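Colleague: Quick one, protein-v4.txt (compact mmCIF, C-alpha atoms and all ligand atoms):
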# COMPACT_ATOMS: atom_id res chain seq x y z
CA MET Z 43 11.69 -2.46 16.01
CA ALA Z 44 13.22 -0.59 13.06
CA VAL Z 45 16.85 0.37 13.42
CA SER Z 46 17.52 4.09 13.87
CA ARG Z 47 19.12 6.21 11.17
CA GLU Z 48 22.00 7.09 13.49
CA VAL Z 49 22.83 3.45 14.18
CA ALA Z 50 22.68 2.55 10.48
CA LEU Z 51 24.81 5.55 9.55
CA GLY Z 52 27.30 4.62 12.28
CA GLU Z 53 27.77 1.16 10.71
CA ILE Z 54 28.19 2.68 7.25
CA ASP Z 55 30.68 5.17 8.63
CA ALA Z 56 32.76 2.34 10.11
CA VAL Z 57 33.61 1.00 6.65
CA ALA Z 58 36.73 2.30 4.92
CA SER Z 59 36.43 3.71 1.41
CA PRO Z 60 39.07 3.28 -1.31
CA ARG Z 61 39.58 7.08 -1.20
CA GLY Z 62 41.26 6.83 2.19
CA GLY Z 63 38.51 7.89 4.60
CA THR Z 64 35.23 6.16 5.40
CA LEU Z 65 32.18 5.82 3.15
CA VAL Z 66 30.46 8.68 5.00
CA ALA Z 67 33.51 10.91 5.47
CA ASP Z 68 34.35 10.61 1.77
CA ASP Z 69 30.82 11.77 0.92
CA LEU Z 70 29.83 8.66 -1.01
CA VAL Z 71 26.52 8.00 0.75
CA ARG Z 72 23.28 9.47 -0.57
CA ALA Z 73 19.57 9.10 0.18
CA LEU Z 74 19.74 6.82 3.20
CA THR Z 75 16.23 5.59 4.03
CA ILE Z 76 14.95 3.04 6.51
CA GLU Z 77 11.58 1.52 5.82
CA GLY Z 78 10.54 -1.19 8.25
CA SER Z 79 13.39 -3.68 8.25
CA THR Z 80 14.87 -2.49 4.94
CA VAL Z 81 17.82 -0.11 4.77
CA ARG Z 82 18.40 1.57 1.42
CA PHE Z 83 21.00 4.00 0.20
CA VAL Z 84 22.96 5.10 -2.84
CA LEU Z 85 26.74 4.92 -3.12
CA GLU Z 86 27.66 7.69 -5.51
CA VAL Z 87 30.93 6.91 -7.22
CA ALA Z 88 33.04 8.75 -9.76
CA ASP Z 89 33.19 6.08 -12.42
CA ALA Z 90 33.01 2.37 -13.20
CA ALA Z 91 36.59 1.81 -11.92
CA GLU Z 92 35.71 3.25 -8.53
CA ALA Z 93 32.51 1.19 -8.43
CA GLU Z 94 34.66 -1.90 -8.90
CA ALA Z 95 37.09 -0.77 -6.17
CA LEU Z 96 34.14 -0.25 -3.81
CA LYS Z 97 32.80 -3.78 -4.10
CA PRO Z 98 34.56 -5.11 -0.94
CA ALA Z 99 33.35 -2.07 1.05
CA GLU Z 100 29.84 -2.61 -0.27
CA ALA Z 101 29.94 -6.24 0.85
CA GLU Z 102 31.23 -5.28 4.28
CA VAL Z 103 28.64 -2.58 4.86
CA ARG Z 104 25.91 -4.98 3.81
CA ARG Z 105 27.21 -7.62 6.24
CA ARG Z 106 27.39 -5.07 9.10
CA LEU Z 107 23.89 -3.72 8.50
CA LEU Z 108 22.35 -7.20 8.20
CA ALA Z 109 23.93 -8.09 11.55
CA LEU Z 110 21.90 -5.33 13.24
CA ASP Z 111 18.71 -6.18 15.11
CA GLY Z 112 15.70 -5.07 13.08
CA VAL Z 113 17.42 -5.20 9.65
CA ASP Z 114 16.35 -7.96 7.23
CA ALA Z 115 17.23 -6.41 3.90
CA VAL Z 116 19.82 -3.98 2.60
CA GLN Z 117 19.51 -2.36 -0.82
CA ILE Z 118 22.55 -0.48 -2.07
CA VAL Z 119 22.54 1.20 -5.46
CA MET Z 120 25.81 2.40 -6.95
CA THR Z 121 25.46 5.30 -9.32
CA ALA Z 122 28.18 7.10 -11.18
CA GLN Z 123 27.11 10.65 -11.82
CA SER Z 124 28.69 12.74 -14.51
CA GLY Z 125 30.67 15.42 -12.75
CA ALA Z 126 30.83 13.46 -9.45
CA LYS Z 127 33.74 14.71 -7.43
CA ARG Z 128 36.46 12.50 -6.06
CA ALA Z 129 36.69 14.50 -2.85
CA PRO Z 130 34.03 16.03 -0.64
CA GLN Z 131 33.14 19.51 -1.78
CA GLN Z 132 33.41 22.19 0.88
CA PRO Z 133 32.27 25.64 -0.19
CA GLN Z 134 35.21 28.00 -0.13
CA GLN Z 135 34.74 30.58 2.57
CA GLY Z 136 33.92 33.99 1.24
CA GLN Z 137 33.48 32.65 -2.30
CA GLY Z 138 29.91 31.40 -1.90
CA GLY Z 139 30.80 27.84 -2.94
CA GLU Z 140 30.83 26.32 -6.40
CA ALA Z 141 28.04 26.95 -8.89
CA PRO Z 142 25.98 23.80 -9.47
CA PRO Z 143 26.98 21.88 -12.61
CA LYS Z 144 24.67 22.32 -15.57
CA LEU Z 145 22.21 19.50 -16.01
CA THR Z 146 22.76 17.93 -19.39
CA ILE Z 147 20.31 15.32 -20.52
CA GLY Z 148 21.52 12.87 -23.13
CA GLN Z 149 24.92 11.62 -22.09
CA HIS Z 150 26.73 8.36 -22.36
CA PRO Z 151 25.58 5.76 -19.85
CA THR Z 152 27.59 5.48 -16.68
CA GLY Z 153 27.88 3.29 -13.65
CA PRO Z 154 27.55 -0.38 -12.95
CA ALA Z 155 26.37 -2.71 -15.67
CA GLY Z 156 23.14 -4.62 -15.25
CA PRO Z 157 19.60 -3.71 -14.27
CA GLN Z 158 19.40 -1.51 -11.18
CA PRO Z 159 16.45 -0.93 -8.86
CA ILE Z 160 15.30 2.66 -8.39
CA LEU Z 161 15.65 3.71 -4.80
CA GLY Z 162 12.26 3.86 -3.08
CA VAL Z 163 10.34 2.40 -6.04
CA ASP Z 164 8.68 -0.97 -5.36
CA HIS Z 165 7.46 -1.97 -8.81
CA ILE Z 166 8.49 -0.84 -12.28
CA ILE Z 167 5.96 -1.66 -14.98
CA ALA Z 168 6.73 -1.04 -18.65
CA ILE Z 169 3.71 -0.31 -20.84
CA GLY Z 170 4.40 -1.33 -24.40
CA SER Z 171 2.67 -2.02 -27.68
CA GLY Z 172 3.68 -3.45 -30.99
CA LYS Z 173 1.90 -0.93 -33.17
CA GLY Z 174 1.78 2.85 -32.75
CA GLY Z 175 -1.43 4.65 -31.98
CA VAL Z 176 -3.18 1.79 -30.16
CA GLY Z 177 -3.51 3.91 -27.02
CA LYS Z 178 -0.49 2.89 -24.93
CA SER Z 179 0.12 6.44 -23.65
CA THR Z 180 -3.59 6.97 -23.00
CA VAL Z 181 -3.74 3.71 -21.03
CA THR Z 182 -0.63 4.72 -19.05
CA SER Z 183 -2.00 8.11 -17.93
CA ASN Z 184 -5.49 6.79 -17.14
CA LEU Z 185 -4.20 3.74 -15.30
CA ALA Z 186 -1.90 6.00 -13.29
CA VAL Z 187 -4.75 8.20 -12.05
CA ALA Z 188 -6.89 5.14 -11.30
CA LEU Z 189 -4.06 3.62 -9.25
CA ALA Z 190 -3.58 6.92 -7.42
CA ARG Z 191 -7.30 6.98 -6.66
CA ALA Z 192 -6.94 3.45 -5.27
CA GLY Z 193 -4.45 4.87 -2.78
CA ARG Z 194 -1.23 3.80 -4.48
CA LYS Z 195 1.80 6.07 -4.80
CA VAL Z 196 2.27 6.22 -8.56
CA GLY Z 197 4.83 7.65 -10.93
CA VAL Z 198 4.80 7.93 -14.72
CA LEU Z 199 8.00 8.03 -16.71
CA ASP Z 200 7.43 8.97 -20.32
CA ALA Z 201 10.13 7.03 -22.12
CA ASP Z 202 8.53 7.56 -25.50
CA ILE Z 203 11.62 9.55 -26.27
CA HIS Z 204 10.73 10.22 -29.90
CA GLY Z 205 7.13 11.33 -29.26
CA PRO Z 206 6.60 12.15 -25.58
CA SER Z 207 2.88 12.69 -24.95
CA GLN Z 208 2.47 12.36 -21.18
CA PRO Z 209 2.93 16.10 -20.46
CA ARG Z 210 -0.04 16.85 -22.72
CA MET Z 211 -2.17 13.94 -21.49
CA LEU Z 212 -1.58 14.70 -17.82
CA GLY Z 213 -1.68 18.45 -18.35
CA VAL Z 214 1.76 19.23 -16.94
CA THR Z 215 3.80 22.08 -18.29
CA GLY Z 216 6.89 23.90 -17.15
CA ARG Z 217 10.46 22.78 -16.86
CA PRO Z 218 11.30 20.50 -13.97
CA ALA Z 219 13.73 22.14 -11.53
CA SER Z 220 17.19 20.87 -10.83
CA PRO Z 221 18.50 23.00 -7.95
CA ASP Z 222 21.81 21.12 -7.73
CA GLY Z 223 22.17 20.56 -11.48
CA LYS Z 224 22.16 16.84 -10.88
CA ASN Z 225 18.90 15.64 -9.39
CA ILE Z 226 15.70 16.43 -11.27
CA GLU Z 227 12.50 17.36 -9.46
CA PRO Z 228 9.54 15.63 -11.14
CA LEU Z 229 6.16 17.33 -11.60
CA ARG Z 230 2.83 16.26 -10.09
CA ALA Z 231 -0.60 15.91 -11.64
CA TYR Z 232 -3.75 14.28 -10.24
CA GLY Z 233 -1.74 12.66 -7.43
CA VAL Z 234 0.77 11.18 -9.90
CA THR Z 235 4.49 11.97 -10.01
CA VAL Z 236 5.43 12.66 -13.64
CA MET Z 237 8.62 12.97 -15.62
CA SER Z 238 9.07 13.08 -19.35
CA LEU Z 239 11.90 13.92 -21.64
CA GLY Z 240 9.31 16.14 -23.30
CA LEU Z 241 9.49 18.44 -20.25
CA LEU Z 242 13.21 18.94 -20.72
CA LEU Z 243 13.08 19.72 -24.41
CA LYS Z 244 11.76 22.82 -26.09
CA GLU Z 245 8.37 22.20 -27.69
CA GLY Z 246 8.76 20.79 -31.16
CA GLU Z 247 12.43 19.94 -30.60
CA ALA Z 248 13.34 16.59 -32.10
CA VAL Z 249 15.51 13.99 -30.44
CA ILE Z 250 17.54 11.75 -32.67
CA TRP Z 251 19.58 9.87 -30.10
CA ARG Z 252 20.26 6.26 -30.65
CA GLY Z 253 22.21 3.58 -28.86
CA PRO Z 254 24.46 4.80 -26.05
CA MET Z 255 23.14 8.40 -25.94
CA LEU Z 256 19.61 7.15 -25.67
CA MET Z 257 20.61 4.72 -22.96
CA GLY Z 258 22.31 7.56 -21.08
CA ALA Z 259 19.21 9.77 -21.28
CA LEU Z 260 16.96 6.98 -20.07
CA GLN Z 261 19.35 6.15 -17.25
CA GLN Z 262 19.29 9.80 -16.15
CA LEU Z 263 15.49 9.85 -16.13
CA LEU Z 264 15.43 6.65 -14.11
CA GLN Z 265 18.13 7.48 -11.59
CA GLN Z 266 18.42 11.28 -11.38
CA VAL Z 267 14.74 12.06 -11.02
CA LYS Z 268 13.71 12.31 -7.38
CA TRP Z 269 10.88 9.80 -7.61
CA GLY Z 270 10.52 9.54 -3.84
CA GLU Z 271 8.68 6.55 -2.37
CA LEU Z 272 6.50 4.92 -5.04
CA ASP Z 273 4.43 1.74 -5.01
CA VAL Z 274 4.68 1.64 -8.77
CA LEU Z 275 6.38 3.48 -11.61
CA LEU Z 276 4.64 3.11 -14.98
CA ILE Z 277 6.95 3.53 -17.95
CA ASP Z 278 5.36 4.61 -21.22
CA LEU Z 279 7.53 3.02 -23.91
CA PRO Z 280 7.71 4.00 -27.56
CA PRO Z 281 5.81 1.62 -29.84
CA GLY Z 282 7.58 -1.33 -31.36
CA THR Z 283 10.77 -3.10 -30.47
CA GLY Z 284 13.78 -0.82 -30.33
CA ASP Z 285 16.62 0.80 -28.45
CA VAL Z 286 14.51 2.14 -25.57
CA GLN Z 287 13.07 -1.28 -24.74
CA LEU Z 288 16.54 -2.78 -24.87
CA SER Z 289 18.09 0.01 -22.77
CA LEU Z 290 15.35 -0.19 -20.19
CA SER Z 291 15.78 -3.91 -19.67
CA GLN Z 292 19.53 -3.43 -19.36
CA LYS Z 293 19.39 -0.50 -16.94
CA ALA Z 294 16.31 -0.96 -14.75
CA ALA Z 295 15.07 -3.86 -12.68
CA VAL Z 296 11.69 -3.94 -14.45
CA THR Z 297 9.01 -5.93 -12.60
CA GLY Z 298 7.24 -6.73 -15.84
CA ALA Z 299 5.58 -5.43 -18.98
CA ILE Z 300 1.97 -4.85 -19.95
CA VAL Z 301 1.18 -4.95 -23.66
CA VAL Z 302 -1.64 -2.79 -25.00
CA SER Z 303 -3.34 -3.70 -28.27
CA THR Z 304 -6.54 -3.09 -30.15
CA PRO Z 305 -8.42 -6.25 -31.15
CA GLN Z 306 -7.56 -5.66 -34.82
CA ASP Z 307 -5.50 -8.39 -36.48
CA VAL Z 308 -2.75 -6.03 -37.68
CA ALA Z 309 -2.28 -4.67 -34.17
CA LEU Z 310 -2.24 -8.17 -32.71
CA ILE Z 311 0.49 -9.31 -35.08
CA ASP Z 312 2.68 -6.45 -33.86
CA ALA Z 313 1.69 -7.09 -30.23
CA ARG Z 314 2.93 -10.66 -30.62
CA ARG Z 315 6.26 -9.28 -31.84
CA ALA Z 316 6.47 -6.99 -28.79
CA MET Z 317 5.82 -9.92 -26.48
CA ASP Z 318 8.42 -11.99 -28.23
CA MET Z 319 10.90 -9.15 -27.64
CA PHE Z 320 10.04 -8.90 -23.93
CA GLY Z 321 10.56 -12.67 -23.73
CA LYS Z 322 14.02 -12.34 -25.29
CA LEU Z 323 14.87 -9.51 -22.88
CA LYS Z 324 13.73 -11.72 -19.98
CA THR Z 325 11.11 -9.14 -18.97
CA PRO Z 326 8.10 -10.98 -17.51
CA ILE Z 327 4.81 -10.17 -19.27
CA LEU Z 328 2.23 -9.23 -16.65
CA GLY Z 329 -0.64 -9.25 -19.09
CA MET Z 330 -2.43 -7.74 -22.08
CA ILE Z 331 -5.02 -4.97 -22.27
CA GLU Z 332 -7.58 -4.55 -25.06
CA ASN Z 333 -8.00 -0.86 -25.85
CA MET Z 334 -10.67 0.64 -28.13
CA SER Z 335 -12.78 -2.40 -27.45
CA THR Z 336 -16.51 -1.69 -27.54
CA TYR Z 337 -18.01 1.54 -28.88
CA VAL Z 338 -21.35 2.52 -27.44
CA CYS Z 339 -23.19 5.16 -29.50
CA PRO Z 340 -23.93 8.05 -27.14
CA ASN Z 341 -27.19 8.79 -29.03
CA CYS Z 342 -28.87 5.41 -29.42
CA GLY Z 343 -26.86 3.13 -27.08
CA HIS Z 344 -26.03 0.74 -29.94
CA GLU Z 345 -22.83 -1.26 -29.37
CA ALA Z 346 -20.35 -1.46 -32.23
CA HIS Z 347 -16.94 -3.08 -32.48
CA LEU Z 348 -14.92 -0.87 -34.79
CA PHE Z 349 -11.69 -2.80 -34.41
CA GLY Z 350 -13.30 -6.13 -33.56
CA HIS Z 351 -13.83 -7.38 -30.04
CA GLY Z 352 -12.26 -10.07 -27.87
CA GLY Z 353 -9.20 -10.56 -30.08
CA VAL Z 354 -6.76 -9.56 -27.35
CA LYS Z 355 -8.37 -11.85 -24.79
CA ALA Z 356 -8.24 -14.74 -27.24
CA GLU Z 357 -4.60 -13.98 -28.03
CA ALA Z 358 -3.70 -13.80 -24.32
CA GLU Z 359 -5.40 -17.14 -23.70
CA LYS Z 360 -3.54 -18.68 -26.63
CA LEU Z 361 -0.21 -17.46 -25.29
CA GLY Z 362 -1.02 -18.31 -21.64
CA ILE Z 363 -0.69 -14.66 -20.59
CA PRO Z 364 -3.13 -12.97 -18.18
CA PHE Z 365 -5.80 -10.84 -19.84
CA LEU Z 366 -6.06 -7.75 -17.65
CA GLY Z 367 -9.17 -6.09 -19.09
CA GLU Z 368 -10.72 -4.04 -21.85
CA ILE Z 369 -11.18 -0.30 -22.26
CA PRO Z 370 -14.08 1.06 -24.34
CA LEU Z 371 -13.62 3.31 -27.34
CA GLU Z 372 -15.12 6.65 -26.37
CA LEU Z 373 -14.81 10.12 -27.77
CA SER Z 374 -14.39 11.41 -24.21
CA VAL Z 375 -11.12 9.49 -23.91
CA ARG Z 376 -9.58 11.35 -26.83
CA LEU Z 377 -11.00 14.73 -25.81
CA ALA Z 378 -9.88 14.28 -22.21
CA GLY Z 379 -6.38 13.22 -23.29
CA ASP Z 380 -6.06 16.29 -25.50
CA ALA Z 381 -7.32 18.51 -22.68
CA GLY Z 382 -4.80 17.16 -20.17
CA ARG Z 383 -7.33 15.63 -17.82
CA PRO Z 384 -7.48 11.83 -18.17
CA ALA Z 385 -10.97 10.45 -18.85
CA ALA Z 386 -10.63 8.11 -15.86
CA MET Z 387 -10.97 11.21 -13.64
CA GLU Z 388 -14.69 11.50 -14.50
CA PRO Z 389 -17.17 8.87 -13.22
CA GLY Z 390 -18.50 6.64 -16.00
CA PRO Z 391 -17.76 3.45 -17.93
CA VAL Z 392 -14.18 4.49 -18.75
CA ALA Z 393 -13.32 5.27 -15.13
CA ASP Z 394 -14.95 1.98 -14.09
CA ALA Z 395 -12.86 0.05 -16.60
CA TYR Z 396 -9.65 1.66 -15.32
CA ASP Z 397 -10.66 1.11 -11.69
CA ARG Z 398 -11.11 -2.61 -12.44
CA LEU Z 399 -7.71 -2.66 -14.12
CA ALA Z 400 -6.04 -0.87 -11.21
CA ASP Z 401 -7.71 -3.23 -8.76
CA ARG Z 402 -6.48 -6.22 -10.75
CA LEU Z 403 -2.87 -4.95 -10.54
CA VAL Z 404 -3.11 -4.15 -6.82
CA GLN Z 405 -4.75 -7.53 -6.01
CA GLY Z 406 -2.11 -9.30 -8.10
CA GLY Z 407 0.68 -7.63 -6.08
CA MET Z 408 1.94 -5.83 -9.18
CA ALA Z 409 1.29 -2.26 -8.04
N1 LIG Z 501 -10.14 4.08 -25.65
C1 LIG Z 501 -10.02 5.14 -26.45
N2 LIG Z 501 -11.11 5.78 -26.95
C2 LIG Z 501 -10.98 6.84 -27.78
N3 LIG Z 501 -9.79 7.36 -28.18
C3 LIG Z 501 -8.68 6.76 -27.72
C4 LIG Z 501 -8.72 5.62 -26.83
N4 LIG Z 501 -7.44 5.27 -26.54
C5 LIG Z 501 -6.65 6.13 -27.21
N5 LIG Z 501 -7.37 7.02 -27.91
C6 LIG Z 501 -6.88 8.11 -28.77
O1 LIG Z 501 -6.08 7.51 -29.80
C7 LIG Z 501 -4.96 8.31 -30.11
C8 LIG Z 501 -3.67 7.49 -29.93
O2 LIG Z 501 -3.54 7.18 -28.56
P1 LIG Z 501 -2.12 7.18 -27.83
O3 LIG Z 501 -1.32 8.39 -28.18
O4 LIG Z 501 -2.37 6.90 -26.40
O5 LIG Z 501 -1.48 5.91 -28.53
P2 LIG Z 501 0.01 5.34 -28.42
O6 LIG Z 501 -0.11 3.89 -28.66
O7 LIG Z 501 0.65 5.79 -27.19
O8 LIG Z 501 0.65 6.06 -29.65
P3 LIG Z 501 2.21 6.30 -30.03
O9 LIG Z 501 2.39 5.45 -31.22
O10 LIG Z 501 2.26 7.75 -30.35
O11 LIG Z 501 3.05 5.93 -28.87
C9 LIG Z 501 -5.02 9.52 -29.18
O12 LIG Z 501 -5.62 10.57 -29.88
C10 LIG Z 501 -5.94 9.05 -28.05
O13 LIG Z 501 -6.66 10.12 -27.45
Would you put the structure from the file into structure tokens?
Modeller:
Amino acid sequence: MAVSREVALGEIDAVASPRGGTLVADDLVRALTIEGSTVRFVLEVADAAEAEALKPAEAEVRRRLLALDGVDAVQIVMTAQSGAKRAPQQPQQGQGGEAPPKLTIGQHPTGPAGPQPILGVDHIIAIGSGKGGVGKSTVTSNLAVALARAGRKVGVLDADIHGPSQPRMLGVTGRPASPDGKNIEPLRAYGVTVMSLGLLLKEGEAVIWRGPMLMGALQQLLQQVKWGELDVLLIDLPPGTGDVQLSLSQKAAVTGAIVVSTPQDVALIDARRAMDMFGKLKTPILGMIENMSTYVCPNCGHEAHLFGHGGVKAEAEKLGIPFLGEIPLELSVRLAGDAGRPAAMEPGPVADAYDRLADRLVQGGMA
């Protein structure tokens, strides 16, 4: 039987914190969840020095929880939030408490080094491509709705920081709320939980972050968004091999990457480069997808292969990487993407192709 929240909290509260009280009394514990035999929570620390000082307490609390009947796994994430307070905040009587800090996206990265899981998220899949415009964002939004239709809890993080397109493709508008100035409430569309930097910027506003600022922004989107319980989080990467890919592999425990390409030779050359980069970053490659594969003329039914056909499958076989499937080239895909209602929502060959793809990921234990 699963351990109760009270019992788990009691064990956590028995461990002393470096601030002088206990982990609970010193207000370091966030988002405690118990799912089956797994206990998860966040230890919110002020800075990297405090994270280091907390290591013995973290080890002790892990040992105590694992000793409980019904607990087989303990996942503790340490996050250092900008503006985290060193002492518990009690609203001052008669003063209505302290105003929430302003949420500022684009800060220097904080917290422990190394890839971190996202609390409540089972799989993190990065969707990448070598070349721009091959349909990586389109594949991400359509695959997300197909996975949601298959009963999975799905999130999409638009990490295409320089050209975020998920808000348009999934038809979400409006600024995500942040009632406490720290956590960000994601938006929902077609059963998918969505967050994009594009939703936090004014339309047309350019972002020119590089290096540490970019890493900080990505870290905030990964850790400060209230993703909730997700079977899979799809991350729409910018094209190519750059800072975002590097930051993501350094900050998030990515399950693996899917590389989207058209069958065209020039796209395949760049796709190979992207896969080489994922290899160097030690991100497993889950497979390749051929987008804009076959075009079927809606008038006469003639099949044409505008960008070739089968090139991605052949490439995947050559590299010993799973080939996950092909998506047809259809005008409806572009129109639906522009209209904010993914083509996979309507029954037809495109929806079928995405359903097969979603099924492949679910059967393979990837989503
Ligand atoms: N299978 C398809 N059939 C028809 N049009 C498609 C298909 N896939 C993508 N498109 C269209 O191609 C264009 C580029 O797609 P998308 O923005 O998804 O590419 P991307 O690889 O994410 O590009 P970026 O370089 O901006 O990241 C969009 O207009 C999209 O609607």
Colleague: How would you report the residues lying within 7 Å of ligand LIG 501 (chain Z), as number ranges by chain, if you count all atoms listed in the file?
Modeller: Z: 171, 173-181, 202, 205, 207, 280-281, 333-334, 369-377, 379-380
Colleague: Set the distance at 6 Å and use only C-alpha atoms: which residues neighbour range 313-327 of chain Z once local chain neighbours fewer than 5 positions away are removed? I'd like the list as a ChimeraX atom specification.
Modeller: /Z:171-172,298-299
Colleague: Go through Z:Gly382, Z:Val187, Z:Gly353, Z:Arg72 and flag the residue nearest Thr215 in chain Z, using only C-alpha atoms for the distances.
Modeller: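 With only C-alpha atoms as the atom set, the closest residue is Z:Gly382.
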Colleague: Step by step: start from the point (5.7, 4.7, -7.0) in the file's coordinates, keep every protein, DNA or RNA residue that has an atom no farther than 12 Å from it, count all atoms listed in the file, and write the set as a PyMOL selection string.
Modeller: chain Z and resi 160-167+186+189-190+193-199+233-236+268-277+408-409
Colleague: Just to confirm, what's the straight-line distance from CA of Leu239 in chain Z to CA of Leu256 in chain Z in Å (one decimal)?
Modeller: 11.0 Å
Colleague: Point out the residue among Z:Ile300, Z:Val214, Z:Ala400, Z:Leu260 with the least atom-to-atom distance to Leu241 in chain Z, counting all atoms listed in the file.
Modeller: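 The answer is Z:Val214, which sits nearest to Leu241 in chain Z.
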Colleague: Mind giving me the straight-line distance from CA of Arg210 in chain Z to CA of Ala231 in chain Z in Å, one decimal?
Modeller: 11.1 Å
Colleague: Need the shell around Leu263 in chain Z: protein/DNA/RNA residues with any atom at most 10 Å away, counting only C-alpha atoms. Skip same-chain ones fewer than 5 positions apart. Format as a PyMOL selection string?
Modeller: chain Z and resi 147-148+199-201+225-226+228+237-239+257-258+268-269
Colleague: Interatomic distance between CA of Ser183 in chain Z and CA of Tyr396 in chain Z?
Modeller: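 It comes out at 10.3 Å.
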Colleague: Using all atoms listed in the file, which of Z:Val392, Z:Ala56, Z:Val302, Z:Leu279 sits nearest Ala358 in chain Z?
Modeller: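 Closest candidate: Z:Val302.
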Colleague: Go through Z:Ala50, Z:Ala90, Z:Ala168, Z:Val71 one by one, measure the shortest atom-to-atom distance of each to Asp111 in chain Z using all atoms listed in the file, and give the residue with the smallest value.
Modeller: Z:Ala50
Colleague: Hey, which of Z:Ala395, Z:Leu328, Z:Val45, Z:Val84 ends up closest to Gly170 in chain Z? Count all atoms listed in the file.
Modeller: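 The shortest atom-to-atom distance to Gly170 in chain Z comes from Z:Leu328.
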Colleague: Emit range 78-91 of chain Z of the structure in the block as a file comprising C-alpha atoms, as a short mmCIF file (atom, residue, chain, number, x, y, z; two decimals), in the first residue's frame.
Modeller:
data_model
loop_
_atom_site.label_atom_id
_atom_site.label_comp_id
_atom_site.auth_asym_id
_atom_site.auth_seq_id
_atom_site.Cartn_x
_atom_site.Cartn_y
_atom_site.Cartn_z
CA GLY Z 78 2.39 4.45 -6.13
CA SER Z 79 5.65 3.64 -4.40
CA THR Z 80 7.44 6.81 -5.56
CA VAL Z 81 7.78 9.87 -3.35
CA ARG Z 82 8.75 13.09 -5.12
CA PHE Z 83 9.37 16.59 -3.89
CA VAL Z 84 11.37 19.73 -4.53
CA LEU Z 85 13.88 21.20 -2.10
CA GLU Z 86 13.88 24.91 -2.84
CA VAL Z 87 17.17 26.44 -1.83
CA ALA Z 88 18.55 29.96 -1.93
CA ASP Z 89 21.65 29.31 -3.99
CA ALA Z 90 24.26 26.77 -5.06
CA ALA Z 91 26.10 27.08 -1.71
#
